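Enquirer: So I've got this file, structure_19.cif, and it contains mmCIF, C-alpha atoms:
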```cif
data_my_file
loop_
_atom_site.label_atom_id
_atom_site.label_comp_id
_atom_site.auth_asym_id
_atom_site.auth_seq_id
_atom_site.Cartn_x
_atom_site.Cartn_y
_atom_site.Cartn_z
CA MET N 180 -84.40 -144.71 -11.05
CA GLY N 181 -84.80 -148.48 -10.83
CA GLU N 182 -84.21 -151.01 -13.58
CA ARG N 183 -87.95 -151.62 -13.94
CA ASN N 184 -88.54 -147.97 -14.84
CA ILE N 185 -85.57 -147.92 -17.21
CA LEU N 186 -86.82 -151.13 -18.79
CA GLN N 187 -90.16 -149.46 -19.44
CA ILE N 188 -88.36 -146.52 -21.07
CA LEU N 189 -86.56 -148.97 -23.36
CA ARG N 190 -89.80 -150.78 -24.15
CA ASP N 191 -91.45 -147.48 -25.09
CA SER N 192 -88.49 -146.40 -27.23
CA ARG N 193 -88.87 -146.59 -30.97
CA TYR N 194 -85.10 -146.81 -31.44
CA THR N 195 -82.40 -147.32 -28.81
CA VAL N 196 -78.68 -146.99 -29.53
CA ILE N 197 -75.84 -148.14 -27.26
CA LEU N 198 -72.50 -146.37 -26.99
CA SER N 199 -70.23 -149.15 -25.72
CA GLY N 200 -67.19 -147.88 -23.83
CA SER N 201 -64.13 -149.36 -22.18
CA GLY N 202 -65.96 -150.15 -18.95
CA LEU N 203 -67.62 -153.21 -20.47
CA MET N 204 -64.24 -154.45 -21.65
CA MET N 205 -62.68 -154.01 -18.23
CA GLU N 206 -65.54 -155.95 -16.67
CA SER N 207 -64.75 -158.79 -19.08
CA GLY N 208 -61.19 -158.91 -17.75
CA TYR N 209 -59.60 -157.00 -20.63
CA PRO N 210 -56.58 -154.89 -19.66
CA LEU N 211 -56.51 -151.22 -20.64
CA LEU N 212 -53.40 -151.40 -22.78
CA ARG N 213 -53.25 -147.69 -23.51
CA ASP N 214 -54.08 -146.24 -20.10
CA GLY N 215 -53.64 -148.98 -17.50
CA VAL N 216 -50.68 -150.52 -15.68
CA GLU N 217 -50.05 -152.64 -18.78
CA SER N 218 -49.00 -149.53 -20.70
CA TYR N 219 -45.86 -149.24 -18.54
CA GLU N 220 -45.06 -152.92 -19.05
CA ILE N 221 -45.43 -152.52 -22.81
CA GLU N 222 -43.06 -149.55 -22.94
CA GLU N 223 -40.53 -151.36 -20.76
CA LYS N 224 -40.60 -154.48 -22.96
CA TYR N 225 -40.68 -152.91 -26.42
CA GLY N 226 -39.08 -149.51 -25.86
CA TYR N 227 -42.10 -147.68 -27.26
CA SER N 228 -45.55 -146.81 -25.98
CA TYR N 229 -48.72 -148.62 -26.97
CA GLU N 230 -49.88 -145.61 -28.96
CA GLU N 231 -46.55 -145.25 -30.77
CA MET N 232 -46.48 -148.88 -31.88
CA LEU N 233 -50.13 -149.07 -32.93
CA SER N 234 -49.70 -146.07 -35.23
CA SER N 235 -49.70 -145.78 -39.00
CA SER N 236 -46.16 -144.37 -39.01
CA PHE N 237 -44.86 -147.33 -36.98
CA TYR N 238 -46.62 -149.79 -39.29
CA SER N 239 -44.96 -148.11 -42.27
CA ALA N 240 -41.43 -147.75 -40.85
CA ARG N 241 -41.01 -150.59 -38.32
CA LYS N 242 -43.06 -153.50 -39.64
CA GLU N 243 -41.16 -156.28 -37.88
CA LEU N 244 -41.53 -154.71 -34.45
CA PHE N 245 -45.08 -153.61 -35.24
CA PHE N 246 -46.15 -157.17 -35.97
CA ARG N 247 -44.22 -158.63 -33.07
CA PHE N 248 -46.13 -156.30 -30.75
CA TYR N 249 -49.37 -156.82 -32.67
CA LYS N 250 -49.24 -160.61 -32.36
CA GLU N 251 -47.84 -160.79 -28.82
CA VAL N 252 -50.11 -158.15 -27.30
CA ILE N 253 -52.98 -156.94 -29.47
CA LEU N 254 -54.11 -160.30 -30.85
CA LYS N 255 -53.53 -162.14 -27.59
CA VAL N 256 -55.76 -159.67 -25.74
CA ALA N 257 -58.30 -159.22 -28.52
CA GLU N 258 -59.05 -162.93 -28.71
CA MET N 259 -60.17 -163.12 -25.08
CA PRO N 260 -63.87 -164.08 -25.02
CA PRO N 261 -66.61 -161.49 -24.51
CA GLY N 262 -67.85 -161.34 -20.93
CA LYS N 263 -71.30 -161.32 -19.36
CA GLY N 264 -72.14 -157.75 -20.32
CA PHE N 265 -71.84 -158.42 -24.04
CA HIS N 266 -74.02 -161.52 -23.81
CA MET N 267 -76.61 -159.49 -21.90
CA LEU N 268 -76.58 -156.93 -24.75
CA LYS N 269 -77.34 -159.76 -27.17
CA LYS N 270 -80.31 -160.83 -25.02
CA LEU N 271 -81.63 -157.27 -24.89
CA GLN N 272 -81.40 -157.17 -28.69
CA ASP N 273 -83.32 -160.43 -28.85
CA TYR N 274 -86.05 -158.78 -26.75
CA GLY N 275 -86.13 -155.89 -29.23
CA LEU N 276 -84.88 -153.34 -26.69
CA VAL N 277 -81.56 -152.47 -28.36
CA HIS N 278 -81.40 -151.61 -32.04
CA SER N 279 -77.81 -150.54 -32.68
CA ILE N 280 -74.44 -150.56 -30.92
CA ILE N 281 -71.52 -148.21 -31.58
CA THR N 282 -68.01 -148.73 -30.23
CA ARG N 283 -64.41 -147.66 -30.83
CA ARG N 284 -62.91 -150.91 -29.48
CA ILE N 285 -61.16 -153.25 -31.95
CA ALA N 286 -61.78 -156.64 -30.32
CA GLY N 287 -65.17 -157.24 -31.95
CA LEU N 288 -66.68 -158.21 -28.60
CA GLU N 289 -70.26 -157.25 -29.44
CA ASP N 290 -70.12 -159.11 -32.76
CA ARG N 291 -68.63 -162.21 -31.16
CA ALA N 292 -71.38 -162.19 -28.53
CA GLY N 293 -73.89 -162.37 -31.38
CA CYS N 294 -75.05 -158.75 -31.45
CA THR N 295 -76.21 -157.28 -34.74
CA ASN N 296 -76.11 -153.81 -36.32
CA VAL N 297 -72.79 -153.05 -34.60
CA VAL N 298 -70.75 -150.10 -35.85
CA ASN N 299 -67.07 -150.71 -35.08
CA LEU N 300 -65.77 -147.21 -35.70
CA ARG N 301 -62.11 -148.27 -35.65
CA GLY N 302 -62.64 -151.66 -37.29
CA THR N 303 -61.69 -154.97 -35.69
CA VAL N 304 -58.63 -157.23 -35.66
CA PHE N 305 -60.71 -159.95 -37.31
CA GLU N 306 -60.46 -158.24 -40.70
CA ASN N 307 -57.14 -157.98 -42.55
CA PHE N 308 -56.32 -157.23 -46.16
CA CYS N 309 -53.54 -156.86 -48.68
CA PRO N 310 -53.15 -153.14 -49.49
CA ASN N 311 -52.00 -154.10 -53.00
CA CYS N 312 -54.57 -156.62 -54.28
CA GLY N 313 -57.25 -156.29 -51.61
CA ARG N 314 -57.28 -159.98 -50.72
CA HIS N 315 -58.69 -160.62 -47.23
CA TYR N 316 -57.05 -162.73 -44.53
CA PRO N 317 -58.47 -164.16 -41.30
CA ILE N 318 -57.04 -163.46 -37.87
CA GLU N 319 -55.60 -167.01 -37.77
CA TYR N 320 -53.35 -166.20 -40.72
CA MET N 321 -52.05 -163.10 -38.95
CA ARG N 322 -51.45 -164.92 -35.69
CA GLU N 323 -49.66 -167.92 -37.22
CA ALA N 324 -47.47 -166.06 -39.73
CA LYS N 325 -43.77 -166.02 -38.90
CA GLY N 326 -42.54 -162.45 -38.70
CA VAL N 327 -44.38 -160.01 -40.95
CA PRO N 328 -47.52 -161.63 -42.44
CA LEU N 329 -47.30 -161.35 -46.21
CA CYS N 330 -49.94 -161.63 -48.90
CA GLU N 331 -49.62 -165.05 -50.54
CA GLN N 332 -50.18 -163.47 -53.93
CA CYS N 333 -48.30 -160.15 -53.74
CA LEU N 334 -45.77 -160.81 -50.96
CA VAL N 335 -46.79 -157.42 -49.54
CA ALA N 336 -47.28 -156.91 -45.78
CA ILE N 337 -50.91 -157.49 -44.86
CA ARG N 338 -52.73 -154.59 -43.23
CA PRO N 339 -55.00 -155.03 -40.20
CA LYS N 340 -58.31 -153.35 -41.07
CA ILE N 341 -58.27 -151.14 -38.00
CA CYS N 342 -57.88 -147.41 -37.62
CA LEU N 343 -54.32 -146.95 -36.39
CA PHE N 344 -53.27 -143.94 -34.35
CA GLY N 345 -52.54 -141.06 -36.68
CA GLU N 346 -55.32 -142.05 -39.08
CA MET N 347 -58.83 -140.71 -39.53
CA ILE N 348 -61.80 -142.96 -38.87
CA ASP N 349 -63.34 -144.22 -42.10
CA ASN N 350 -65.84 -141.61 -43.25
CA SER N 351 -68.47 -144.18 -44.20
CA LEU N 352 -68.39 -145.64 -40.67
CA MET N 353 -68.67 -142.18 -39.11
CA THR N 354 -71.64 -141.40 -41.35
CA ARG N 355 -73.35 -144.68 -40.47
CA ALA N 356 -72.79 -144.12 -36.73
CA ALA N 357 -74.04 -140.54 -36.92
CA GLU N 358 -77.18 -141.70 -38.72
CA GLU N 359 -77.83 -144.31 -36.02
CA VAL N 360 -77.51 -141.72 -33.24
CA GLU N 361 -79.73 -139.26 -35.10
CA LYS N 362 -82.44 -141.95 -35.26
CA ALA N 363 -82.14 -142.76 -31.56
CA GLU N 364 -84.97 -141.91 -29.22
CA ILE N 365 -82.97 -143.34 -26.31
CA LEU N 366 -79.17 -143.25 -26.12
CA LEU N 367 -77.66 -145.63 -23.56
CA VAL N 368 -73.99 -145.01 -22.72
CA LEU N 369 -72.24 -147.97 -21.09
CA GLY N 370 -68.88 -147.74 -19.32
CA ALA N 371 -67.70 -144.36 -20.56
CA ASN N 372 -67.83 -140.80 -19.34
CA LEU N 373 -69.40 -138.26 -21.67
CA THR N 374 -66.09 -136.61 -22.58
CA THR N 375 -64.47 -139.73 -24.10
CA PRO N 376 -63.77 -139.68 -27.85
CA LEU N 377 -66.69 -142.04 -28.48
CA CYS N 378 -69.18 -139.80 -26.68
CA SER N 379 -67.65 -136.55 -27.91
CA GLN N 380 -67.97 -137.75 -31.50
CA MET N 381 -71.51 -139.09 -31.20
CA LEU N 382 -73.41 -136.84 -28.77
CA GLN N 383 -73.43 -133.94 -31.21
CA TYR N 384 -75.85 -135.94 -33.37
CA TYR N 385 -78.25 -136.88 -30.59
CA THR N 386 -81.58 -135.06 -30.29
CA GLY N 387 -83.65 -137.83 -28.67
CA ALA N 388 -85.69 -138.05 -25.48
CA SER N 389 -83.36 -139.50 -22.82
CA LEU N 390 -79.64 -140.00 -22.44
CA ILE N 391 -79.01 -142.83 -19.96
CA LEU N 392 -75.52 -143.24 -18.51
CA VAL N 393 -74.27 -146.38 -16.73
CA THR N 394 -70.81 -146.05 -15.18
CA GLU N 395 -68.87 -147.12 -12.12
CA SER N 396 -67.05 -143.82 -11.57
CA GLU N 397 -68.50 -140.37 -11.10
CA HIS N 398 -67.36 -137.68 -13.54
CA TYR N 399 -68.13 -133.98 -13.87
CA SER N 400 -69.76 -134.64 -17.27
CA ASP N 401 -72.39 -136.96 -15.73
CA GLN N 402 -74.74 -134.00 -15.30
CA ARG N 403 -75.32 -134.00 -19.05
CA ALA N 404 -77.17 -137.32 -18.74
CA ASP N 405 -80.91 -137.46 -18.04
CA ILE N 406 -80.63 -140.70 -16.06
CA ILE N 407 -77.48 -141.94 -14.28
CA VAL N 408 -76.86 -145.42 -12.90
CA TYR N 409 -73.66 -145.91 -10.91
CA GLY N 410 -72.34 -149.46 -10.88
CA ARG N 411 -71.08 -152.22 -13.12
CA CYS N 412 -72.57 -152.23 -16.60
CA ASP N 413 -72.75 -156.02 -16.84
CA ASP N 414 -74.69 -156.27 -13.58
CA PHE N 415 -77.06 -153.52 -14.72
CA LEU N 416 -77.68 -155.25 -18.06
CA GLU N 417 -78.19 -158.58 -16.31
CA ARG N 418 -80.84 -157.00 -14.07
CA LEU N 419 -82.64 -155.63 -17.13
CA VAL N 420 -82.60 -159.06 -18.75
CA SER N 421 -83.88 -160.61 -15.53
CA GLU N 422 -86.77 -158.11 -15.49
CA CYS N 423 -87.56 -159.08 -19.09
CA GLU N 424 -87.67 -162.75 -18.17
CA ASN N 425 -89.95 -162.29 -15.15
#
```
Once you've parsed the file, please lay out its structure as structure tokens.

Expert:
Amino acid sequence: MGERNILQILRDSRYTVILSGSGLMMESGYPLLRDGVESYEIEEKYGYSYEEMLSSSFYSARKELFFRFYKEVILKVAEMPPGKGFHMLKKLQDYGLVHSIITRRIAGLEDRAGCTNVVNLRGTVFENFCPNCGRHYPIEYMREAKGVPLCEQCLVAIRPKICLFGEMIDNSLMTRAAEEVEKAEILLVLGANLTTPLCSQMLQYYTGASLILVTESEHYSDQRADIIVYGRCDDFLERLVSECEN
């Protein structure tokens, strides 16, 4: 099915929700720290895996190494700018074709591209707080702190407001995301196969008209989609925007 037909489906949709996967991040030049080649480099440098260090138990027991890794790797990567695909999502929202976006990524890419009604299921690195007094701190404070960033008032280690490995996703965020998917007439999955945690969590709530999948790689779960587009997500979104502008 061509972009013009998909565009018409989006125009006819009362409510369209995006599930934004890792494919969009990869297209923006972001490394896959957990699953890519970088994961081996991380383990070689720090002596622990990405998942071990970005866990609640590591934050509790090994704060100095946690924050060394967090500042040298997580923040450095997370502050890379959003790529073309995220800016195309913003334009589609401006045209009234996308109503909500749900993601598990912690870099806040959709928000930084100007998108609205974004549900960041695992939070983002741009929010940090003191677990004692609740005071909030910007990402700049975390990045520039020497060693473990401490609350200026309590002298307690500041906590990134992200869901670390070993923790449950905030129930209020899950509820909000589930409500968005339940409202969706069209569900557009970008850069993820339908067995990923994001899709596995959300598809159970979807009862709409058409599930559209855009992905570069074929997967056995693709058959669950009503419409499949193989290729780069950012190029697909750019073609939709171009159709809108013509």

Enquirer: Just want the 6 Å neighbourhood of Val196 in chain N, counted on only C-alpha atoms, with same-chain residues fewer than 6 positions away dropped. Output as a PyMOL selection string.

Expert: chain N and resi 278-280+363+366

Enquirer: Tell me which residues the PyMOL selection byres ((chain N and resi 352) around 12) grabs here, as number ranges by chain.

Expert: N: 281-283, 297-302, 341-342, 347-351, 353-359, 381

Enquirer: Have a look at CA of Gln380 in chain N and CA of Lys255 in chain N and let me know their distance in Å, one decimal.

Expert: 28.6 Å

Enquirer: Which residues are close to Gln332 in chain N, i.e. within 10 Å by all atoms listed in the file, leaving aside same-chain residues fewer than 3 positions away? Reply as a list in words.

Expert: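 Returned residues: Cys309, Asn311, Cys312, Arg314, Leu329 and Val335 of chain N.
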
Enquirer: Where does the PyMOL selection byres ((chain N and resi 410) around 10) land in this file, that is, which residues does it pick, as a list of chain:residue names?

Expert: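 That expression, the PyMOL selection byres ((chain N and resi 410) around 10), corresponds here to N:Gly370, N:Val393, N:Thr394, N:Glu395, N:Ser396, N:Glu397, N:Ile407, N:Val408, N:Tyr409, N:Arg411, N:Cys412, N:Asp413, N:Asp414, N:Phe415.
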
Enquirer: Kindly resolve the PyMOL selection byres ((chain N and resi 306) around 8) on the present coordinates and return the residues as number ranges by chain.

Expert: N: 302-305, 307-308, 315-318, 339-341

Enquirer: Can you build me a table of range 306-402 of chain N residues sitting at most 12 Å from range 200-213 of chain N, with the closest atom pair per residue and its distance in Å to one decimal, using only C-alpha atoms, sorted by chain and residue number, as JSON lines?

Expert:
```
{"residue": "N:Phe344", "atom": "CA", "partner": "N:Arg213", "partner_atom": "CA", "distance": 11.5}
{"residue": "N:Leu367", "atom": "CA", "partner": "N:Gly200", "partner_atom": "CA", "distance": 10.7}
{"residue": "N:Val368", "atom": "CA", "partner": "N:Gly200", "partner_atom": "CA", "distance": 7.5}
{"residue": "N:Leu369", "atom": "CA", "partner": "N:Gly200", "partner_atom": "CA", "distance": 5.7}
{"residue": "N:Gly370", "atom": "CA", "partner": "N:Gly202", "partner_atom": "CA", "distance": 3.8}
{"residue": "N:Ala371", "atom": "CA", "partner": "N:Gly200", "partner_atom": "CA", "distance": 4.8}
{"residue": "N:Asn372", "atom": "CA", "partner": "N:Gly200", "partner_atom": "CA", "distance": 8.4}
{"residue": "N:Leu373", "atom": "CA", "partner": "N:Gly200", "partner_atom": "CA", "distance": 10.1}
{"residue": "N:Thr374", "atom": "CA", "partner": "N:Gly200", "partner_atom": "CA", "distance": 11.4}
{"residue": "N:Thr375", "atom": "CA", "partner": "N:Gly200", "partner_atom": "CA", "distance": 8.6}
{"residue": "N:Pro376", "atom": "CA", "partner": "N:Gly200", "partner_atom": "CA", "distance": 9.8}
{"residue": "N:Leu377", "atom": "CA", "partner": "N:Gly200", "partner_atom": "CA", "distance": 7.5}
{"residue": "N:Cys378", "atom": "CA", "partner": "N:Gly200", "partner_atom": "CA", "distance": 8.8}
{"residue": "N:Leu392", "atom": "CA", "partner": "N:Gly200", "partner_atom": "CA", "distance": 10.9}
{"residue": "N:Val393", "atom": "CA", "partner": "N:Gly202", "partner_atom": "CA", "distance": 9.4}
{"residue": "N:Thr394", "atom": "CA", "partner": "N:Gly202", "partner_atom": "CA", "distance": 7.4}
{"residue": "N:Glu395", "atom": "CA", "partner": "N:Gly202", "partner_atom": "CA", "distance": 8.0}
{"residue": "N:Ser396", "atom": "CA", "partner": "N:Gly202", "partner_atom": "CA", "distance": 9.8}
```

Enquirer: Show me the residues close to (-44.5, -157.1, -43.7) - anything with an atom within 6 Å, counting all atoms listed in the file - and format the list as a ChimeraX atom specification.

Expert: /N:242,327-329,336

Enquirer: With distances taken over only C-alpha atoms, which of N:Ala240, N:Ile188, N:Leu271, N:Val216 is nearest to Leu419 in chain N?

Expert: N:Leu271

Enquirer: Where's the centre, and what are the edge lengths in Å to one decimal, of a box along x, y and z enclosing all listed atoms of range 372-382 of chain N padded 8 Å per side, as lines of an AutoDock Vina configuration file?

Expert:
```
center_x = -68.6
center_y = -139.3
center_z = -25.4
size_x = 25.6
size_y = 21.5
size_z = 28.2
```

Enquirer: Could you pull the residues within 10 Å of Leu186 in chain N, counting all atoms listed in the file, minus those fewer than 2 positions along the same chain, as a ChimeraX atom specification?

Expert: /N:181-184,188-192,276,418-420,422-423

Enquirer: Output C-alpha atoms for every residue in the selection just made, as a JSON list (two decimals), in the coordinates of the input.

Expert:
```
[["chain", "number", "residue", "atom", "x", "y", "z"],
["N", 181, "GLY", "CA", -84.80, -148.48, -10.83],
["N", 182, "GLU", "CA", -84.21, -151.01, -13.58],
["N", 183, "ARG", "CA", -87.95, -151.62, -13.94],
["N", 184, "ASN", "CA", -88.54, -147.97, -14.84],
["N", 188, "ILE", "CA", -88.36, -146.52, -21.07],
["N", 189, "LEU", "CA", -86.56, -148.97, -23.36],
["N", 190, "ARG", "CA", -89.80, -150.78, -24.15],
["N", 191, "ASP", "CA", -91.45, -147.48, -25.09],
["N", 192, "SER", "CA", -88.49, -146.40, -27.23],
["N", 276, "LEU", "CA", -84.88, -153.34, -26.69],
["N", 418, "ARG", "CA", -80.84, -157.00, -14.07],
["N", 419, "LEU", "CA", -82.64, -155.63, -17.13],
["N", 420, "VAL", "CA", -82.60, -159.06, -18.75],
["N", 422, "GLU", "CA", -86.77, -158.11, -15.49],
["N", 423, "CYS", "CA", -87.56, -159.08, -19.09]]
```

Enquirer: Using Å and a single decimal, report how far CA of Ile337 in chain N sits from CA of Tyr249 in chain N.

Expert: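 It comes out at 12.3 Å.
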
Enquirer: Quick check, in Å to one decimal: how far apart do CA of Lys362 in chain N and CA of Glu346 in chain N lie?

Expert: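 Value for the CA of Lys362 in chain N-CA of Glu346 in chain N distance: 27.4 Å.
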
Enquirer: Which one of N:Cys294, N:Ala388, N:Leu268, N:Ala324 sits closest to Glu243 in chain N if you count all atoms listed in the file?

Expert: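 Selected residue with least distance to Glu243 in chain N: N:Ala324.
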
Enquirer: Considering all atoms listed in the file, state which residue in the set N:Ile253, N:Leu416, N:Ile406, N:Ile197 is at the smallest distance from Asn296 in chain N.

Expert: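 Between N:Ile253, N:Leu416, N:Ile406, N:Ile197, the residue approaching Asn296 in chain N most closely is N:Ile197.
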
Enquirer: May I have the residues within 12 Å of Glu231 in chain N as an mmCIF file with C-alpha atoms, in the frame of the given file, using only C-alpha atoms and disregarding those fewer than 5 positions away in the same chain?

Expert:
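What follows is the written file selection.cif:
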```cif
data_model
loop_
_atom_site.group_PDB
_atom_site.id
_atom_site.type_symbol
_atom_site.label_atom_id
_atom_site.label_comp_id
_atom_site.auth_asym_id
_atom_site.auth_seq_id
_atom_site.Cartn_x
_atom_site.Cartn_y
_atom_site.Cartn_z
ATOM 1 C CA ARG N 213 -53.250 -147.690 -23.510
ATOM 2 C CA SER N 218 -49.000 -149.530 -20.700
ATOM 3 C CA ILE N 221 -45.430 -152.520 -22.810
ATOM 4 C CA GLU N 222 -43.060 -149.550 -22.940
ATOM 5 C CA TYR N 225 -40.680 -152.910 -26.420
ATOM 6 C CA GLY N 226 -39.080 -149.510 -25.860
ATOM 7 C CA SER N 236 -46.160 -144.370 -39.010
ATOM 8 C CA PHE N 237 -44.860 -147.330 -36.980
ATOM 9 C CA TYR N 238 -46.620 -149.790 -39.290
ATOM 10 C CA SER N 239 -44.960 -148.110 -42.270
ATOM 11 C CA ALA N 240 -41.430 -147.750 -40.850
ATOM 12 C CA ARG N 241 -41.010 -150.590 -38.320
ATOM 13 C CA LEU N 244 -41.530 -154.710 -34.450
ATOM 14 C CA PHE N 245 -45.080 -153.610 -35.240
ATOM 15 C CA PHE N 248 -46.130 -156.300 -30.750
ATOM 16 C CA LEU N 343 -54.320 -146.950 -36.390
ATOM 17 C CA PHE N 344 -53.270 -143.940 -34.350
ATOM 18 C CA GLY N 345 -52.540 -141.060 -36.680
#
```

Enquirer: How would range 345-358 of chain N look with N, CA and C atoms restored, written as a PDB file, in the frame of the given file?

Expert:
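Wrote it out as out-v4.pdb, contents follow:
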```
ATOM      1  N   GLY N 345     -53.061-141.918 -35.615  1.00  0.00           N
ATOM      2  CA  GLY N 345     -52.540-141.060 -36.680  1.00  0.00           C
ATOM      3  C   GLY N 345     -53.389-141.104 -37.929  1.00  0.00           C
ATOM      4  N   GLU N 346     -54.422-141.948 -37.933  1.00  0.00           N
ATOM      5  CA  GLU N 346     -55.320-142.050 -39.080  1.00  0.00           C
ATOM      6  C   GLU N 346     -56.708-141.539 -38.710  1.00  0.00           C
ATOM      7  N   MET N 347     -57.447-141.145 -39.731  1.00  0.00           N
ATOM      8  CA  MET N 347     -58.830-140.710 -39.530  1.00  0.00           C
ATOM      9  C   MET N 347     -59.745-141.927 -39.604  1.00  0.00           C
ATOM     10  N   ILE N 348     -60.794-141.908 -38.792  1.00  0.00           N
ATOM     11  CA  ILE N 348     -61.800-142.960 -38.870  1.00  0.00           C
ATOM     12  C   ILE N 348     -62.460-142.921 -40.240  1.00  0.00           C
ATOM     13  N   ASP N 349     -62.708-144.108 -40.790  1.00  0.00           N
ATOM     14  CA  ASP N 349     -63.340-144.220 -42.100  1.00  0.00           C
ATOM     15  C   ASP N 349     -64.616-143.384 -42.152  1.00  0.00           C
ATOM     16  N   ASN N 350     -64.727-142.550 -43.163  1.00  0.00           N
ATOM     17  CA  ASN N 350     -65.840-141.610 -43.250  1.00  0.00           C
ATOM     18  C   ASN N 350     -67.182-142.310 -43.365  1.00  0.00           C
ATOM     19  N   SER N 351     -67.213-143.465 -44.055  1.00  0.00           N
ATOM     20  CA  SER N 351     -68.470-144.180 -44.200  1.00  0.00           C
ATOM     21  C   SER N 351     -68.955-144.725 -42.860  1.00  0.00           C
ATOM     22  N   LEU N 352     -68.017-145.154 -41.991  1.00  0.00           N
ATOM     23  CA  LEU N 352     -68.390-145.640 -40.670  1.00  0.00           C
ATOM     24  C   LEU N 352     -68.888-144.499 -39.787  1.00  0.00           C
ATOM     25  N   MET N 353     -68.225-143.343 -39.872  1.00  0.00           N
ATOM     26  CA  MET N 353     -68.670-142.180 -39.110  1.00  0.00           C
ATOM     27  C   MET N 353     -70.075-141.761 -39.536  1.00  0.00           C
ATOM     28  N   THR N 354     -70.322-141.781 -40.831  1.00  0.00           N
ATOM     29  CA  THR N 354     -71.640-141.400 -41.350  1.00  0.00           C
ATOM     30  C   THR N 354     -72.706-142.374 -40.856  1.00  0.00           C
ATOM     31  N   ARG N 355     -72.387-143.670 -40.928  1.00  0.00           N
ATOM     32  CA  ARG N 355     -73.350-144.680 -40.470  1.00  0.00           C
ATOM     33  C   ARG N 355     -73.647-144.502 -38.979  1.00  0.00           C
ATOM     34  N   ALA N 356     -72.600-144.296 -38.168  1.00  0.00           N
ATOM     35  CA  ALA N 356     -72.790-144.120 -36.730  1.00  0.00           C
ATOM     36  C   ALA N 356     -73.618-142.866 -36.436  1.00  0.00           C
ATOM     37  N   ALA N 357     -73.304-141.790 -37.125  1.00  0.00           N
ATOM     38  CA  ALA N 357     -74.040-140.540 -36.920  1.00  0.00           C
ATOM     39  C   ALA N 357     -75.515-140.717 -37.260  1.00  0.00           C
ATOM     40  N   GLU N 358     -75.797-141.449 -38.322  1.00  0.00           N
ATOM     41  CA  GLU N 358     -77.180-141.700 -38.720  1.00  0.00           C
ATOM     42  C   GLU N 358     -77.920-142.524 -37.670  1.00  0.00           C
TER      43      GLU N 358
END
```
